[in-house]
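structure_21.cif follows; it contains mmCIF, C-alpha atoms and all ligand atoms.
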```cif
data_coords
loop_
_atom_site.label_atom_id
_atom_site.label_comp_id
_atom_site.auth_asym_id
_atom_site.auth_seq_id
_atom_site.Cartn_x
_atom_site.Cartn_y
_atom_site.Cartn_z
CA MET A 14 92.66 85.79 74.07
CA SER A 15 95.20 83.02 73.58
CA THR A 16 97.68 83.13 70.67
CA ALA A 17 96.37 81.90 67.33
CA LEU A 18 97.07 78.24 66.64
CA LEU A 19 94.92 78.02 63.56
CA SER A 20 93.46 80.84 61.53
CA GLY A 21 91.57 81.20 58.32
CA SER A 22 91.28 84.48 56.51
CA GLY A 23 89.12 85.39 53.57
CA ILE A 24 88.13 81.76 53.01
CA THR A 25 86.04 81.34 49.88
CA LYS A 26 84.72 78.01 48.65
CA SER A 27 82.18 77.07 45.98
CA TYR A 28 80.83 73.75 44.79
CA GLY A 29 80.45 74.39 41.07
CA ALA A 30 78.18 77.41 40.90
CA THR A 31 77.06 77.10 44.54
CA PRO A 32 78.99 79.43 46.83
CA ALA A 33 79.34 77.79 50.25
CA LEU A 34 81.76 80.24 51.90
CA ARG A 35 82.10 83.88 50.86
CA GLY A 36 85.09 85.28 52.72
CA VAL A 37 85.27 83.92 56.26
CA ASP A 38 87.85 84.94 58.88
CA VAL A 39 88.27 82.76 61.92
CA THR A 40 90.92 82.29 64.58
CA VAL A 41 91.34 79.41 66.99
CA GLY A 42 93.65 79.85 69.96
CA GLU A 43 95.78 77.20 71.62
CA GLY A 44 93.47 75.06 73.77
CA GLU A 45 90.41 77.04 72.77
CA ILE A 46 87.03 75.48 71.99
CA VAL A 47 85.27 77.38 69.22
CA ALA A 48 81.74 76.53 68.16
CA ILE A 49 80.62 77.19 64.60
CA THR A 50 76.85 77.45 64.52
CA GLY A 51 74.17 78.59 62.13
CA PRO A 52 71.24 77.21 60.14
CA SER A 53 71.61 74.16 57.98
CA GLY A 54 73.34 74.85 54.66
CA CYS A 55 75.10 78.00 55.92
CA GLY A 56 78.56 76.50 55.31
CA LYS A 57 79.59 75.09 58.71
CA SER A 58 80.85 71.74 57.43
CA THR A 59 82.62 73.34 54.48
CA LEU A 60 84.42 75.71 56.85
CA LEU A 61 85.45 72.85 59.14
CA HIS A 62 86.76 70.84 56.17
CA CYS A 63 88.75 73.84 54.90
CA LEU A 64 90.25 74.50 58.34
CA ALA A 65 91.18 70.83 58.72
CA GLY A 66 92.88 70.83 55.32
CA ILE A 67 90.46 68.20 54.00
CA LEU A 68 89.13 70.67 51.43
CA ARG A 69 91.27 73.28 49.76
CA ALA A 70 89.76 76.78 49.86
CA ASP A 71 89.26 78.53 46.50
CA GLN A 72 90.64 81.74 47.94
CA GLY A 73 92.04 82.90 51.24
CA SER A 74 94.47 81.21 53.56
CA VAL A 75 94.38 78.62 56.31
CA VAL A 76 97.37 79.06 58.58
CA TYR A 77 98.29 76.41 61.13
CA ARG A 78 101.28 77.27 63.32
CA ASP A 79 102.53 79.83 60.80
CA GLN A 80 102.18 77.50 57.78
CA ASP A 81 99.65 78.10 54.99
CA LEU A 82 97.94 74.74 54.46
CA ASN A 83 96.58 75.77 51.07
CA LEU A 84 100.14 75.76 49.76
CA TRP A 85 100.85 72.24 50.98
CA SER A 86 100.60 69.06 48.92
CA GLU A 87 97.81 66.63 49.68
CA THR A 88 100.40 64.19 51.09
CA SER A 89 101.72 66.74 53.58
CA ARG A 90 98.23 67.76 54.59
CA SER A 91 97.15 64.21 55.19
CA ARG A 92 100.28 63.61 57.29
CA LEU A 93 99.40 66.69 59.33
CA ARG A 94 95.87 65.41 59.82
CA ARG A 95 97.26 62.10 61.10
CA THR A 96 99.76 63.60 63.51
CA GLU A 97 98.34 66.88 64.81
CA PHE A 98 94.62 66.80 64.10
CA GLY A 99 91.79 64.58 65.24
CA VAL A 100 88.47 64.40 63.41
CA LEU A 101 85.05 63.31 64.55
CA PHE A 102 81.99 63.32 62.31
CA GLN A 103 78.31 62.86 62.96
CA PHE A 104 78.47 59.16 62.19
CA GLY A 105 81.65 57.84 63.79
CA GLN A 106 82.93 56.09 60.66
CA LEU A 107 84.73 53.29 62.43
CA VAL A 108 86.43 50.61 60.35
CA PRO A 109 83.81 47.84 60.34
CA GLU A 110 86.31 44.97 60.24
CA LEU A 111 88.18 46.14 63.33
CA THR A 112 87.17 45.85 66.99
CA ALA A 113 86.59 48.95 69.11
CA ALA A 114 90.06 48.67 70.65
CA GLU A 115 91.67 48.20 67.21
CA ASN A 116 89.79 51.20 65.82
CA VAL A 117 90.95 53.43 68.64
CA ALA A 118 94.51 52.07 68.48
CA LEU A 119 94.74 52.66 64.72
CA PRO A 120 95.95 56.28 64.78
CA LEU A 121 98.65 55.29 67.27
CA LEU A 122 99.83 52.42 65.06
CA LEU A 123 99.93 54.75 62.04
CA ALA A 124 102.05 57.13 64.13
CA GLY A 125 104.51 54.30 64.85
CA SER A 126 103.48 53.01 68.29
CA GLY A 127 103.95 49.35 69.14
CA ARG A 128 100.91 47.10 69.12
CA ARG A 129 100.81 46.40 72.84
CA ASP A 130 101.29 50.01 73.91
CA ALA A 131 98.68 51.15 71.43
CA ARG A 132 96.12 48.68 72.75
CA GLU A 133 96.76 49.72 76.32
CA VAL A 134 96.28 53.42 75.56
CA ALA A 135 93.20 52.63 73.48
CA LEU A 136 91.63 50.71 76.38
CA GLY A 137 92.19 53.71 78.64
CA TRP A 138 90.32 55.95 76.20
CA LEU A 139 87.46 53.52 75.75
CA ASP A 140 87.14 53.55 79.52
CA ARG A 141 86.98 57.35 79.64
CA PHE A 142 84.09 57.25 77.21
CA GLY A 143 82.32 54.56 79.21
CA VAL A 144 82.67 51.73 76.68
CA ALA A 145 85.60 49.70 78.05
CA GLU A 146 83.54 46.54 78.02
CA LEU A 147 83.07 46.80 74.25
CA ALA A 148 86.81 46.68 73.49
CA ASP A 149 86.63 43.44 71.52
CA LYS A 150 83.32 44.08 69.77
CA ARG A 151 83.05 45.19 66.15
CA PRO A 152 81.04 48.33 65.22
CA GLY A 153 78.25 46.19 63.75
CA ALA A 154 77.54 44.84 67.23
CA MET A 155 77.29 48.28 68.86
CA SER A 156 74.58 50.93 69.14
CA GLY A 157 75.03 54.29 67.42
CA GLY A 158 75.85 55.91 70.74
CA GLN A 159 78.48 53.30 71.54
CA GLN A 160 80.07 53.68 68.11
CA GLN A 161 80.19 57.43 68.56
CA ARG A 162 81.92 57.05 71.92
CA CYS A 163 84.56 54.85 70.23
CA ALA A 164 84.95 57.39 67.44
CA ALA A 165 85.45 60.18 69.99
CA ALA A 166 88.08 58.06 71.76
CA ARG A 167 89.80 57.51 68.41
CA ALA A 168 89.78 61.26 67.65
CA LEU A 169 91.50 62.02 70.96
CA VAL A 170 93.87 59.08 71.31
CA THR A 171 96.96 60.72 69.80
CA GLY A 172 96.57 63.86 71.92
CA PRO A 173 96.02 66.04 68.83
CA ARG A 174 96.60 69.80 68.95
CA VAL A 175 93.28 70.43 67.22
CA ILE A 176 90.12 68.35 67.13
CA PHE A 177 87.60 68.95 64.37
CA ALA A 178 84.15 67.77 65.34
CA ASP A 179 81.26 68.09 62.87
CA GLU A 180 77.88 67.59 64.59
CA PRO A 181 79.50 65.00 66.89
CA THR A 182 76.27 64.50 68.81
CA GLY A 183 73.92 64.91 65.85
CA ALA A 184 72.98 61.23 65.71
CA LEU A 185 72.75 60.72 69.46
CA ASP A 186 69.91 61.05 71.92
CA GLN A 187 70.24 63.87 74.41
CA LEU A 188 71.79 61.96 77.30
CA ASN A 189 74.32 60.20 75.08
CA GLY A 190 75.14 63.50 73.42
CA GLU A 191 75.69 65.19 76.77
CA GLN A 192 77.91 62.38 78.00
CA VAL A 193 80.05 62.32 74.88
CA MET A 194 80.47 66.11 75.01
CA ALA A 195 81.29 66.13 78.72
CA ALA A 196 83.93 63.39 78.35
CA MET A 197 85.38 65.10 75.30
CA VAL A 198 85.57 68.56 76.86
CA GLN A 199 87.15 67.19 80.02
CA ALA A 200 89.78 65.35 77.96
CA VAL A 201 90.65 68.30 75.72
CA ARG A 202 90.96 70.57 78.75
CA GLU A 203 93.49 68.16 80.22
CA GLN A 204 95.40 67.75 76.97
CA GLY A 205 95.22 71.43 76.08
CA SER A 206 93.82 70.59 72.63
CA ALA A 207 91.84 73.14 70.68
CA VAL A 208 88.46 72.15 69.24
CA VAL A 209 86.53 73.36 66.22
CA LEU A 210 83.00 72.26 67.02
CA VAL A 211 80.29 72.45 64.37
CA THR A 212 76.76 72.20 65.72
CA HIS A 213 73.31 73.67 65.25
CA GLU A 214 72.27 72.91 68.83
CA ALA A 215 72.66 75.64 71.44
CA PRO A 216 73.29 73.32 74.41
CA ILE A 217 76.17 71.73 72.48
CA ALA A 218 77.56 75.11 71.38
CA ALA A 219 77.47 76.09 75.06
CA TYR A 220 80.39 73.73 75.72
CA ALA A 221 82.59 76.08 73.68
CA ASP A 222 84.50 79.12 74.91
CA ARG A 223 83.28 81.14 71.97
CA GLU A 224 80.71 80.93 69.21
CA ILE A 225 80.94 81.96 65.58
CA VAL A 226 77.61 82.25 63.80
CA LEU A 227 77.54 81.66 60.05
CA ARG A 228 74.76 82.74 57.76
CA ASP A 229 74.80 82.14 54.00
CA GLY A 230 78.54 81.55 53.93
CA VAL A 231 79.57 84.64 55.90
CA ILE A 232 80.00 85.35 59.58
CA ASP A 233 76.95 86.97 61.08
CA PRO A 234 78.36 90.04 62.80
CA SER A 235 75.57 90.21 65.36
CA GLY A 236 76.69 86.78 66.52
CA ILE A 237 80.31 87.76 66.73
CA GLY A 238 80.27 90.91 68.74
CA ILE A 239 78.94 88.80 71.50
CA PHE A 240 81.57 86.35 72.42
CA GLY A 241 84.55 87.51 70.39
CA MET B 10 55.85 96.05 85.84
CA SER B 11 55.41 94.72 82.34
CA THR B 12 51.81 95.93 81.92
CA ALA B 13 52.91 99.50 82.54
CA HIS B 14 55.58 99.16 79.87
CA VAL B 15 53.12 97.71 77.41
CA LEU B 16 50.82 100.70 77.99
CA LEU B 17 53.73 103.06 77.44
CA GLY B 18 54.45 101.21 74.19
CA LEU B 19 50.84 101.48 73.07
CA LEU B 20 50.96 105.23 73.70
CA ALA B 21 54.12 105.64 71.61
CA GLY B 22 52.03 106.12 68.47
CA GLY B 23 49.96 108.96 69.96
CA PRO B 24 47.37 109.74 72.68
CA ARG B 25 44.74 107.14 73.56
CA HIS B 26 41.80 106.65 75.87
CA GLY B 27 41.84 104.02 78.59
CA TYR B 28 39.31 101.75 76.87
CA ASP B 29 41.26 102.01 73.64
CA LEU B 30 44.41 100.93 75.50
CA LYS B 31 42.64 97.94 76.97
CA ARG B 32 41.42 96.84 73.54
CA ALA B 33 44.81 97.30 71.94
CA HIS B 34 46.49 95.39 74.76
CA ASP B 35 44.11 92.43 74.46
CA ASP B 36 44.34 92.38 70.65
CA ARG B 37 48.09 92.63 70.41
CA LEU B 38 48.96 90.27 73.25
CA PRO B 39 46.39 87.52 72.86
CA GLN B 40 48.34 85.15 75.13
CA ALA B 41 48.24 87.65 78.01
CA LYS B 42 45.43 87.81 80.54
CA PRO B 43 42.93 90.42 79.27
CA LEU B 44 43.29 93.69 81.18
CA GLY B 45 40.44 94.81 83.42
CA TYR B 46 39.37 98.46 83.09
CA GLY B 47 40.18 98.98 86.76
CA GLN B 48 43.70 97.75 86.13
CA VAL B 49 44.13 100.07 83.14
CA TYR B 50 43.09 103.16 85.11
CA ALA B 51 45.09 102.17 88.17
CA THR B 52 48.18 101.68 85.98
CA LEU B 53 47.59 104.96 84.13
CA GLY B 54 47.20 106.67 87.49
CA ARG B 55 50.55 105.39 88.65
CA LEU B 56 52.21 106.31 85.36
CA GLU B 57 50.76 109.81 85.62
CA ARG B 58 51.91 110.19 89.21
CA ASP B 59 55.43 109.17 88.12
CA GLY B 60 55.37 111.67 85.27
CA LEU B 61 55.56 109.06 82.51
CA VAL B 62 52.18 109.91 80.96
CA ALA B 63 50.06 113.06 81.03
CA ARG B 64 46.41 113.81 80.30
CA SER B 65 46.18 115.13 76.80
CA GLY B 66 42.52 115.87 76.52
CA GLN B 67 39.04 115.23 77.76
CA ASP B 68 35.82 114.83 75.81
CA GLN B 69 32.75 116.85 76.78
CA GLU B 70 31.44 114.33 79.25
CA ALA B 71 33.78 113.98 82.17
CA GLY B 72 34.74 110.55 83.46
CA PRO B 73 37.82 108.41 83.33
CA GLU B 74 36.90 106.59 80.12
CA ARG B 75 36.80 109.93 78.30
CA THR B 76 40.27 111.05 79.29
CA SER B 77 43.06 110.47 76.82
CA TYR B 78 46.67 110.10 77.83
CA GLU B 79 49.94 110.74 76.06
CA LEU B 80 53.57 109.84 76.68
CA THR B 81 55.79 112.43 78.33
CA ASP B 82 59.47 112.73 77.42
CA LEU B 83 60.26 110.85 80.59
CA GLY B 84 57.81 108.13 79.57
CA ARG B 85 59.41 107.86 76.18
CA GLU B 86 62.81 107.48 77.84
CA ARG B 87 61.53 104.84 80.21
CA LEU B 88 60.02 102.87 77.33
CA SER B 89 63.23 103.05 75.36
CA ALA B 90 65.25 101.88 78.37
CA TRP B 91 62.94 98.90 78.80
CA LEU B 92 63.24 97.94 75.14
CA THR B 93 67.02 98.08 75.39
CA GLU B 94 67.24 96.09 78.58
CA VAL B 95 67.86 92.38 78.22
CA GLU B 96 65.79 90.19 80.56
CA PRO B 97 67.69 88.09 83.09
CA PRO B 98 68.02 84.74 81.32
CA ALA B 99 65.92 82.61 83.63
CA PRO B 100 63.25 79.99 83.11
CA TYR B 101 59.71 81.28 82.49
CA VAL B 102 60.48 84.73 81.15
CA SER B 103 58.99 83.93 77.78
CA SER B 104 55.86 86.09 78.04
CA VAL B 105 58.01 89.12 78.88
CA LEU B 106 60.18 88.34 75.87
CA PHE B 107 57.13 88.14 73.64
CA ASN B 108 55.64 91.37 75.00
CA LYS B 109 58.89 93.16 74.43
CA VAL B 110 59.08 92.09 70.79
CA VAL B 111 55.51 93.20 70.09
CA VAL B 112 55.96 96.52 71.87
CA ALA B 113 59.24 97.13 70.05
CA LEU B 114 57.45 96.59 66.73
CA LEU B 115 54.58 98.88 67.69
CA ALA B 116 56.66 101.63 69.21
CA ALA B 117 59.94 101.55 67.34
CA GLY B 118 59.89 99.24 64.33
CA ALA B 119 61.49 96.07 63.05
CA GLU B 120 65.09 97.06 63.57
CA ARG B 121 64.47 97.69 67.24
CA ALA B 122 62.78 94.32 67.63
CA THR B 123 65.67 92.59 65.86
CA ASP B 124 68.26 94.36 68.00
CA TYR B 125 66.42 93.32 71.13
CA LEU B 126 66.08 89.67 70.04
CA THR B 127 69.76 89.54 69.12
CA ALA B 128 70.83 90.99 72.46
CA GLN B 129 68.53 88.64 74.33
CA ARG B 130 69.93 85.68 72.41
CA ILE B 131 73.44 86.69 73.45
CA ALA B 132 72.40 86.94 77.09
CA HIS B 133 70.74 83.53 76.98
CA MET B 134 73.70 81.94 75.22
CA THR B 135 76.12 83.45 77.73
CA ARG B 136 74.07 82.13 80.63
CA MET B 137 73.87 78.71 79.02
CA ARG B 138 77.63 78.68 78.64
CA GLU B 139 78.07 79.58 82.33
CA LEU B 140 75.74 76.77 83.39
CA THR B 141 77.57 74.33 81.13
CA ALA B 142 80.88 75.37 82.68
CA VAL B 143 79.42 74.67 86.12
CA LYS B 144 78.40 71.16 85.23
CA THR B 145 81.64 70.24 83.43
CA ARG B 146 83.83 71.60 86.21
CA PRO B 147 85.99 68.80 87.64
CA GLY B 148 84.32 67.49 90.76
CA ALA B 149 80.81 68.61 89.79
CA SER B 150 78.23 66.45 91.56
CA VAL B 151 75.38 64.70 89.80
CA GLY B 152 73.12 67.17 91.60
CA ASP B 153 75.01 70.07 90.00
CA VAL B 154 74.66 68.48 86.58
CA VAL B 155 70.96 67.74 86.97
CA ALA B 156 70.19 71.24 88.27
CA ALA B 157 72.16 72.86 85.47
CA ASP B 158 70.42 70.67 82.88
CA TYR B 159 67.03 71.88 84.07
CA ALA B 160 67.94 75.53 83.51
CA ILE B 161 69.75 74.73 80.24
CA GLY B 162 66.67 72.95 78.90
CA HIS B 163 64.48 75.99 79.56
CA LEU B 164 67.00 78.40 78.11
CA ASP B 165 67.22 76.18 75.03
CA ALA B 166 63.46 76.41 74.56
CA ASP B 167 63.67 80.22 74.76
CA LEU B 168 66.62 80.24 72.36
CA ARG B 169 64.71 78.23 69.76
CA TRP B 170 61.89 80.73 70.07
CA LEU B 171 64.27 83.70 69.81
CA GLN B 172 65.82 82.20 66.68
CA THR B 173 62.54 81.50 64.88
CA THR B 174 61.11 84.87 65.94
CA LEU B 175 64.18 86.64 64.55
CA ALA B 176 63.33 85.04 61.22
CA ARG B 177 59.71 86.22 61.48
CA VAL B 178 60.15 89.83 62.58
CA ALA B 179 59.10 91.26 59.23
CA GLU B 180 55.96 89.12 59.04
CA LEU B 181 55.04 89.85 62.63
CA GLN B 182 55.48 93.55 62.07
CA LYS B 183 53.02 93.51 59.21
CA GLU B 184 50.47 91.78 61.41
CA VAL B 185 51.02 93.98 64.44
CA THR B 186 50.91 97.29 62.61
CA THR B 187 47.80 96.71 60.50
N1 LIG C 301 79.64 68.20 47.92
C1 LIG C 301 78.83 69.22 47.64
N2 LIG C 301 78.43 69.47 46.38
C2 LIG C 301 77.63 70.51 46.08
N3 LIG C 301 77.15 71.40 46.98
C3 LIG C 301 77.51 71.20 48.26
C4 LIG C 301 78.36 70.11 48.67
N4 LIG C 301 78.54 70.18 50.00
C5 LIG C 301 77.84 71.26 50.41
N5 LIG C 301 77.22 71.88 49.38
C6 LIG C 301 76.40 73.11 49.46
O1 LIG C 301 77.17 74.13 50.09
C7 LIG C 301 76.42 74.85 51.02
C8 LIG C 301 77.03 74.72 52.42
O2 LIG C 301 76.96 73.37 52.83
P1 LIG C 301 77.54 72.85 54.22
O3 LIG C 301 78.91 73.38 54.42
O4 LIG C 301 77.38 71.37 54.24
O5 LIG C 301 76.54 73.55 55.27
P2 LIG C 301 76.16 73.14 56.79
O6 LIG C 301 77.20 72.19 57.29
O7 LIG C 301 76.12 74.43 57.51
O8 LIG C 301 74.81 72.52 56.71
C9 LIG C 301 75.00 74.31 50.92
O9 LIG C 301 74.29 75.13 50.04
C10 LIG C 301 75.18 72.92 50.36
O10 LIG C 301 74.06 72.53 49.63
MG MG C 302 77.04 70.18 58.03
#
```

Would you put the structure from the file into structure tokens?
Amino acid sequence: MSTALLSGSGITKSYGATPALRGVDVTVGEGEIVAITGPSGCGKSTLLHCLAGILRADQGSVVYRDQDLNLWSETSRSRLRRTEFGVLFQFGQLVPELTAAENVALPLLLAGSGRRDAREVALGWLDRFGVAELADKRPGAMSGGQQQRCAAARALVTGPRVIFADEPTGALDQLNGEQVMAAMVQAVREQGSAVVLVTHEAPIAAYADREIVLRDGVIDPSGIGIFG
Amino acid sequence: MSTAHVLLGLLAGGPRHGYDLKRAHDDRLPQAKPLGYGQVYATLGRLERDGLVARSGQDQEAGPERTSYELTDLGRERLSAWLTEVEPPAPYVSSVLFNKVVVALLAAGAERATDYLTAQRIAHMTRMRELTAVKTRPGASVGDVVAADYAIGHLDADLRWLQTTLARVAELQKEVTT
């Protein structure tokens, strides 16, 4: 087991009276791909959002490189998300006014890269995801699969330490899903990034090194003993 | 070998005649090929020779259909070992998986069936992960990917079945034990 890069302990989170997480412990090692699986509504997305510092847990701690994110201000957490984390959701959420290349270059520009360098790096990533020829197209002119490839490129472009992917292939057909996963896994292996991968599909979870199974907001121990 | 294990499972609840075993087999495993009487007696004969079952009684009229059989301690052990053993995760094992769940419910109860399904799910998931690692290995050929995808697709079908069956163990038990 690699050393812990990110860990949550005793994470509790409710939406009003609805408990979504009821005390979850999870550890992600440096460069490790961890799948979070389980039936719909079991709390996968909530856990991912808490670990990424997008949501603040009601109780428990989320520690990233020895720092408790729950104690940080929203400003510090959003800076962390820009610099060290990459996120990818089911529907890519590209900026509609920007071209594919501009979307992918955006995180680099926010991190202070020059325009020309950023574009060059962005083009390289679009190529890795098989959509180089769409560089100057806007999302509206692309298929869902193409948009998702751009979104994956954008999530990886800064070489983040951790990538949070919530059902990244959920809106894709099987072949597109496979291709996006394969390109993503190959890239994170090269970069040494860790991945928190939420999915309810076994063949997607099989890309991970380890699987955590959630049920009703807690870790299902029969799932854990397995791969832990 | 599976038919022999199913017969052992059917005997777990107490002694039975050959014709009774055939009926129970065909009722409980409706997707299986119905057993012929000849097959039942041949299998019982082998199980008896191996010391896994023993004759427990004979009605007045002699004849094979009047002989009842019971599990021996060795038979009980063999059955338990089979129920514990995870099947090699390979395409087309599904009828063995199904038989094992039903026999576990008949012979040992819901917890045993759940334990088995959980263990089998782990084995399938582990195999799927190995196959995925093969196809994402740098330098994997298209042939490697396509071959792995075939096996992954079949394992995925089994996994969906394992998952839904896990959720239905209690219901299935009611049906199987009434
Ligand atoms: N914004 C929200 N407001 C209210 N309830 C929510 C919200 N988001 C999620 N939930 C509830 O929290 C539980 C966990 O949801 P979620 O984390 O989205 O599960 P999953 O991603 O596994 O499907 C569910 O019962 C869901 O209905
Ligand atoms: Mg979700």

Taking all atoms listed in the file and a cut-off of 7 Å, can you tell me which residues surround ligand MG 302 (chain C), written as a CSV table (one decimal) with C-alpha atoms, in the coordinates of the input?
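The resulting file, part.csv, is reproduced below:
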```
chain,number,residue,atom,x,y,z
A,53,SER,CA,71.6,74.2,58.0
A,54,GLY,CA,73.3,74.8,54.7
A,57,LYS,CA,79.6,75.1,58.7
A,58,SER,CA,80.8,71.7,57.4
A,179,ASP,CA,81.3,68.1,62.9
```

Given all atoms listed in the file as the counted atoms, nearest of A:Ser126, A:Ser206, A:Thr212, A:Ser86 to ligand LIG 301 (chain C):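 Residue with the minimum atom-to-atom distance to ligand LIG 301 (chain C): A:Thr212.
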
Contact check, chain A to chain B, at most 9 Å, counting only C-alpha atoms, closest pairs as CSV:
```
residue,atom,partner,partner_atom,distance
A:Ala195,CA,B:Thr145,CA,6.3
A:Ala196,CA,B:Thr145,CA,8.8
A:Val198,CA,B:Thr145,CA,7.8
A:Gln199,CA,B:Thr145,CA,7.2
A:Glu214,CA,B:Asp165,CA,8.6
A:Ala215,CA,B:Asp165,CA,6.5
A:Pro216,CA,B:Asp165,CA,6.7
A:Ala218,CA,B:Arg138,CA,8.1
A:Ala219,CA,B:Arg138,CA,4.4
A:Tyr220,CA,B:Thr141,CA,6.1
A:Ala221,CA,B:Arg138,CA,7.5
A:Asp222,CA,B:Arg138,CA,7.8
A:Ser235,CA,B:Thr127,CA,7.0
A:Gly236,CA,B:Ile131,CA,7.7
A:Ile239,CA,B:Ile131,CA,6.2
A:Phe240,CA,B:Thr135,CA,8.1
```

Please find the residues contacting ligand LIG 301 (chain C) at a distance of at most 8 Å between atoms, with all atoms listed in the file counted, and report them as a list in words.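 Protein and nucleic-acid residues within 8 Å of ligand LIG 301 (chain C): Ser27, Tyr28, Gly29, Thr31, Pro32, Ala33, Leu34, Thr50, Gly51, Pro52, Ser53, Gly54, Cys55, Gly56, Lys57, Ser58, Thr59, Leu60, Val211, Leu227, Asp229 and Gly230 of chain A.
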
Calculate how many Å separate CA of Ala70 (chain A) from CA of Thr25 (chain A), rounding to one decimal. 5.9 Å
